[in-house]
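What follows is the content of work_26.cif, which has mmCIF, C-alpha atoms:
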data_protein
loop_
_atom_site.label_atom_id
_atom_site.label_comp_id
_atom_site.auth_asym_id
_atom_site.auth_seq_id
_atom_site.Cartn_x
_atom_site.Cartn_y
_atom_site.Cartn_z
CA MET F 220 -3.47 20.74 -22.07
CA SER F 221 -0.13 21.66 -20.56
CA ARG F 222 0.44 25.13 -19.14
CA ARG F 223 3.54 26.91 -18.04
CA LEU F 224 3.64 27.45 -14.28
CA PRO F 225 3.04 31.03 -13.11
CA THR F 226 6.10 33.21 -12.56
CA ILE F 227 6.71 34.09 -8.93
CA HIS F 228 7.65 37.77 -8.73
CA GLY F 229 7.78 37.95 -4.96
CA ARG F 230 7.12 36.06 -1.78
CA ARG F 231 6.72 37.01 1.84
CA GLN F 232 6.42 34.60 4.77
CA GLU F 233 4.92 34.79 8.25
CA GLN F 234 4.42 32.31 11.05
CA ALA F 235 0.92 30.85 11.48
CA GLY F 236 0.96 28.31 14.33
CA PRO F 237 2.30 24.97 13.08
CA PHE F 238 2.38 26.37 9.53
CA GLN F 239 4.20 29.07 7.67
CA LEU F 240 1.91 31.39 5.67
CA GLU F 241 3.48 32.35 2.36
CA HIS F 242 2.19 35.27 0.26
CA LEU F 243 2.97 34.89 -3.45
CA ASP F 244 2.95 37.57 -6.16
CA LEU F 245 2.21 35.55 -9.31
CA GLU F 246 2.02 36.24 -13.03
CA PHE F 247 0.16 33.75 -15.19
CA SER F 248 1.03 32.91 -18.82
CA ASN F 249 -1.79 35.20 -20.05
CA GLY F 250 -0.23 38.18 -18.23
CA GLU F 251 -2.70 38.26 -15.34
CA ARG F 252 -1.15 39.08 -11.94
CA ARG F 253 -2.60 37.80 -8.67
CA GLN F 254 -1.72 37.49 -5.02
CA PHE F 255 -2.02 33.94 -3.65
CA GLN F 256 -1.41 32.56 -0.17
CA ARG F 257 -0.40 29.06 0.78
CA LEU F 258 0.23 27.24 4.02
CA ASN F 259 3.55 25.43 4.18
CA GLY F 260 3.85 22.78 6.85
CA ARG F 261 6.83 22.72 9.13
CA GLY F 262 8.34 19.36 9.79
CA HIS F 263 8.91 16.22 7.80
CA GLY F 264 5.45 15.30 6.54
CA ALA F 265 2.82 12.93 7.83
CA VAL F 266 1.49 9.41 7.41
CA VAL F 267 -1.95 7.85 7.29
CA VAL F 268 -2.00 4.10 7.92
CA VAL F 269 -4.45 1.46 6.70
CA PRO F 270 -3.83 -1.36 9.22
CA LEU F 271 -5.29 -4.68 8.10
CA LEU F 272 -6.16 -7.02 10.95
CA ASP F 273 -6.89 -9.63 8.28
CA GLU F 274 -7.56 -9.43 4.55
CA HIS F 275 -11.12 -8.20 5.15
CA THR F 276 -10.81 -6.04 8.29
CA VAL F 277 -9.22 -2.64 8.83
CA LEU F 278 -8.56 -1.10 12.24
CA LEU F 279 -9.97 2.37 12.84
CA VAL F 280 -9.42 4.55 15.89
CA ARG F 281 -11.86 6.86 17.63
CA GLU F 282 -10.23 10.01 18.96
CA TYR F 283 -11.14 13.51 19.97
CA ALA F 284 -11.08 15.93 17.01
CA ALA F 285 -10.57 19.46 18.37
CA GLY F 286 -11.45 21.08 15.03
CA MET F 287 -14.95 19.57 15.16
CA HIS F 288 -15.17 19.32 18.99
CA ARG F 289 -16.36 15.72 18.83
CA TYR F 290 -15.03 12.18 18.68
CA GLU F 291 -14.24 10.95 15.17
CA LEU F 292 -13.53 7.57 13.66
CA GLY F 293 -10.54 7.52 11.36
CA LEU F 294 -7.32 5.84 10.45
CA VAL F 295 -4.09 5.92 12.41
CA LYS F 296 -2.16 9.03 11.38
CA GLY F 297 0.58 11.31 12.56
CA ARG F 298 3.70 13.31 11.85
CA ILE F 299 6.96 11.90 10.53
CA ASP F 300 9.69 12.72 13.05
CA ALA F 301 13.14 14.02 12.08
CA GLY F 302 15.35 11.18 10.81
CA GLU F 303 12.38 8.84 10.40
CA SER F 304 11.13 7.33 7.13
CA ALA F 305 7.42 7.21 6.31
CA ILE F 306 7.46 3.44 6.95
CA GLU F 307 9.07 3.91 10.38
CA ALA F 308 6.62 6.68 11.26
CA ALA F 309 3.66 4.53 10.17
CA ASN F 310 4.76 1.63 12.36
CA ARG F 311 5.42 3.92 15.34
CA GLU F 312 2.05 5.67 15.00
CA LEU F 313 0.31 2.30 14.66
CA LYS F 314 1.90 1.14 17.94
CA GLU F 315 1.09 4.41 19.72
CA GLU F 316 -2.51 4.80 18.55
CA ALA F 317 -3.81 1.26 17.97
CA GLY F 318 -1.50 -0.94 20.05
CA TYR F 319 -0.22 -2.94 17.06
CA GLY F 320 2.97 -3.15 15.04
CA ALA F 321 3.18 -4.44 11.48
CA ARG F 322 5.64 -6.83 9.88
CA GLN F 323 4.70 -5.68 6.36
CA LEU F 324 4.39 -1.99 5.53
CA GLN F 325 4.05 -0.61 2.02
CA VAL F 326 3.78 2.95 0.75
CA LEU F 327 0.84 3.20 -1.67
CA ARG F 328 0.98 6.90 -2.62
CA GLU F 329 1.02 10.52 -1.47
CA LEU F 330 -2.19 12.40 -0.65
CA SER F 331 -2.64 16.15 -0.48
CA LEU F 332 -5.10 17.85 1.84
CA ALA F 333 -6.01 21.01 -0.04
CA PRO F 334 -3.51 21.52 -2.88
CA THR F 335 -4.95 24.88 -3.91
CA TYR F 336 -3.63 26.47 -0.72
CA MET F 337 -1.52 23.93 1.22
CA SER F 338 1.81 22.30 0.41
CA HIS F 339 1.30 19.53 3.00
CA GLN F 340 1.33 15.92 1.81
CA THR F 341 0.52 12.73 3.67
CA THR F 342 2.05 9.35 2.80
CA LEU F 343 -0.50 6.53 2.61
CA VAL F 344 0.92 3.30 4.09
CA LEU F 345 -0.69 -0.15 4.03
CA ALA F 346 0.15 -2.20 7.15
CA ARG F 347 -0.28 -5.98 7.22
CA ASP F 348 0.74 -8.93 9.38
CA LEU F 349 -0.09 -7.09 12.60
CA TYR F 350 1.08 -8.10 16.07
CA PRO F 351 0.21 -6.57 19.47
CA GLU F 352 2.70 -3.94 20.65
CA ARG F 353 2.01 -0.61 22.35
CA LEU F 354 4.23 2.44 22.56
CA PRO F 355 3.40 5.53 24.63
CA GLY F 356 2.05 8.27 22.39
CA ASP F 357 1.13 11.93 22.69
CA GLU F 358 -2.64 11.39 22.89
CA PRO F 359 -4.25 12.63 26.14
CA GLU F 360 -6.31 9.44 26.43
CA GLU F 361 -6.18 5.90 25.08
CA LEU F 362 -7.85 5.66 21.68
CA GLU F 363 -10.69 3.22 21.07
CA VAL F 364 -9.76 0.70 18.34
CA VAL F 365 -12.68 -0.22 16.08
CA PRO F 366 -12.41 -3.12 13.58
CA TRP F 367 -14.31 -2.42 10.35
CA LYS F 368 -14.99 -4.71 7.37
CA LEU F 369 -13.66 -3.31 4.08
CA ALA F 370 -16.79 -4.65 2.38
CA GLU F 371 -18.81 -2.19 4.50
CA LEU F 372 -17.07 1.04 3.45
CA ASP F 373 -20.35 2.26 1.95
CA GLN F 374 -21.85 2.28 5.47
CA LEU F 375 -18.76 3.87 7.03
CA MET F 376 -18.63 6.76 4.56
CA LEU F 377 -22.17 7.80 5.54
CA ARG F 378 -21.49 7.99 9.28
CA GLU F 379 -21.44 11.48 10.79
CA ASP F 380 -18.46 10.57 12.97
CA PHE F 381 -16.34 9.55 9.97
CA SER F 382 -15.64 12.76 8.05
CA GLU F 383 -11.88 13.05 7.69
CA GLY F 384 -11.05 13.16 3.97
CA ARG F 385 -7.64 11.47 4.17
CA SER F 386 -9.11 8.46 5.98
CA LEU F 387 -11.97 8.14 3.50
CA ALA F 388 -9.70 8.44 0.46
CA ALA F 389 -7.07 6.12 1.95
CA LEU F 390 -9.59 3.34 2.60
CA PHE F 391 -10.99 3.42 -0.92
CA ILE F 392 -7.50 3.55 -2.45
CA ALA F 393 -6.31 0.64 -0.30
CA ARG F 394 -9.41 -1.43 -1.06
CA GLN F 395 -8.93 -0.87 -4.80
CA TRP F 396 -5.20 -1.62 -4.56
CA LEU F 397 -5.90 -4.87 -2.66
CA ALA F 398 -8.42 -5.95 -5.33
CA MET F 399 -5.84 -5.64 -8.14
CA PRO F 400 -4.37 -8.91 -9.47
CA ALA F 401 -0.93 -9.66 -8.04
#
So, in terms of structure tokens, how does the structure I just supplied come out?
Amino acid sequence: MSRRLPTIHGRRQEQAGPFQLEHLDLEFSNGERRQFQRLNGRGHGAVVVVPLLDEHTVLLVREYAAGMHRYELGLVKGRIDAGESAIEAANRELKEEAGYGARQLQVLRELSLAPTYMSHQTTLVLARDLYPERLPGDEPEELEVVPWKLAELDQLMLREDFSEGRSLAALFIARQWLAMPA
């Protein structure tokens, strides 16, 4: 079923840290009026990188997650800087966080975090043909790099220290994409 998008009768914006909070006055096709809020990211987007050490092994990083106040395993990820493509950002973040560059980088798709109230999207990038190279990053400490077998994603998804939704979705998408016939 296809529906007409709600009509926006008004919008008001306020600053909310790294986001902009937007208040929307909406009217739906059935005449119902509602107030909605959404968070709009400032900047140029973000990337999440699936770095393949070999065809069976992905590199994860363990870093401090302030939101959970614990160390979390996850994929390399970060913001896209002004003037930078998603591919360039993915390779830079890979060098900063994991100490590797990639000769082959491919955008697989866009992921949203919480589309019911956030406009933010993250570009999923597959990185292959890795080589050692480190760039200084903005992390307060060096991140631990953890190789993980793609065949063992079922074990990874059950770990308490692996809870970030983008990383989980990205690994399953990449594994499925890699299994498709060429």
| query | What is the atom CA of F:Leu224 to atom CA of F:Gln340 distance in Å? | reply |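 Straight-line distance from atom CA of F:Leu224 to atom CA of F:Gln340 works out to 19.9 Å.
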| said: Using Å and a single decimal, report how far atom CA of F:Leu272 sits from atom CA of F:Leu292. | reply: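 Spanning atom CA of F:Leu292 to atom CA of F:Leu272 is a straight-line distance of 16.6 Å.
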| Got a sec to resolve the PyMOL selection byres ((chain F and resi 266) around 12) on this structure and send the residues as a ChimeraX atom specification? | /F:263-265,267-269,294-300,303-313,324-331,339-346,385-386,389
| message | Show me the residues close to (2.3, -2.4, 15.8) - anything with an atom within 10 Å, counting all atoms listed in the file - and format the list as a PyMOL selection string. | response | chain F and resi 270+309-322+346-354
| Nearest to F:Gln254, chosen from F:Arg281, F:Leu372, F:Thr226, F:Pro359, with all atoms listed in the file counted in the distances |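 Smallest distance to F:Gln254 is found for F:Thr226.
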| request: Tell me, in Å to one decimal, how far atom CA of F:Glu361 is from atom CA of F:Leu390. | output: 22.9 Å
| message | I'd like the neighbourhood of stretch 368-371 of chain F as a PyMOL selection string, where a residue qualifies if any of its atoms comes within 6 Å (using all atoms listed in the file), though same-chain residues fewer than 3 positions away should be ignored. | response | chain F and resi 275-276+374
| task | May I ask which of the residues F:Asp273, F:Phe255, F:Ala285, F:Gly250 is the closest one to F:Gly229, counting all atoms listed in the file? | result | F:Phe255
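Distances from F:Val364, F:Leu397, F:Ile227, F:Val277 to F:Leu243 were compared using only C-alpha atoms, and the smallest one belongs to F:Ile227.
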| message | Please enumerate the residues selected by the PyMOL selection byres ((chain F and resi 382) around 12) when evaluated against the supplied file, formatted as a PyMOL selection string. | response | chain F and resi 281+284+286-287+289-294+375-381+383-388
| message | Under the rule that all atoms listed in the file are counted, which of F:Met399, F:Leu258, F:Met220, F:Val365 is the nearest residue to F:Val280? | response |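 Under the stated criterion, the closest residue is F:Val365.
Distances to F:Phe238 were evaluated for F:Arg394, F:Arg222, F:Arg261, F:Arg253 using all atoms listed in the file, and the minimum falls at F:Arg261.
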Using all atoms of stretch 305-317 of chain F listed in the file and a margin of 5 Å per side, can you give the axis-aligned box centre and edge lengths in Å to one decimal, as JSON?
{"center_x": 2.6, "center_y": 4.2, "center_z": 13.0, "size_x": 22.9, "size_y": 16.1, "size_z": 23.4}
| field | For F:Ala235: contacts at 10 Å, only C-alpha atoms, fewer than 3 positions along chain excluded, given as number ranges by chain | value | F: 232, 238-241, 258-260
Limited to C-alpha atoms, could you put the picked residues into a file as a PDB file, keeping the file's coordinate frame?
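Below is the file that was written, part34.pdb:
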ATOM      1  CA  GLN F 232       6.420  34.600   4.770  1.00  0.00           C
ATOM      2  CA  PHE F 238       2.380  26.370   9.530  1.00  0.00           C
ATOM      3  CA  GLN F 239       4.200  29.070   7.670  1.00  0.00           C
ATOM      4  CA  LEU F 240       1.910  31.390   5.670  1.00  0.00           C
ATOM      5  CA  GLU F 241       3.480  32.350   2.360  1.00  0.00           C
ATOM      6  CA  LEU F 258       0.230  27.240   4.020  1.00  0.00           C
ATOM      7  CA  ASN F 259       3.550  25.430   4.180  1.00  0.00           C
ATOM      8  CA  GLY F 260       3.850  22.780   6.850  1.00  0.00           C
TER       9      GLY F 260
END
| Nearest-residue call for F:Glu360, choices F:Tyr283, F:Leu271, F:Asp373, F:Leu332, using all atoms listed in the file | F:Tyr283
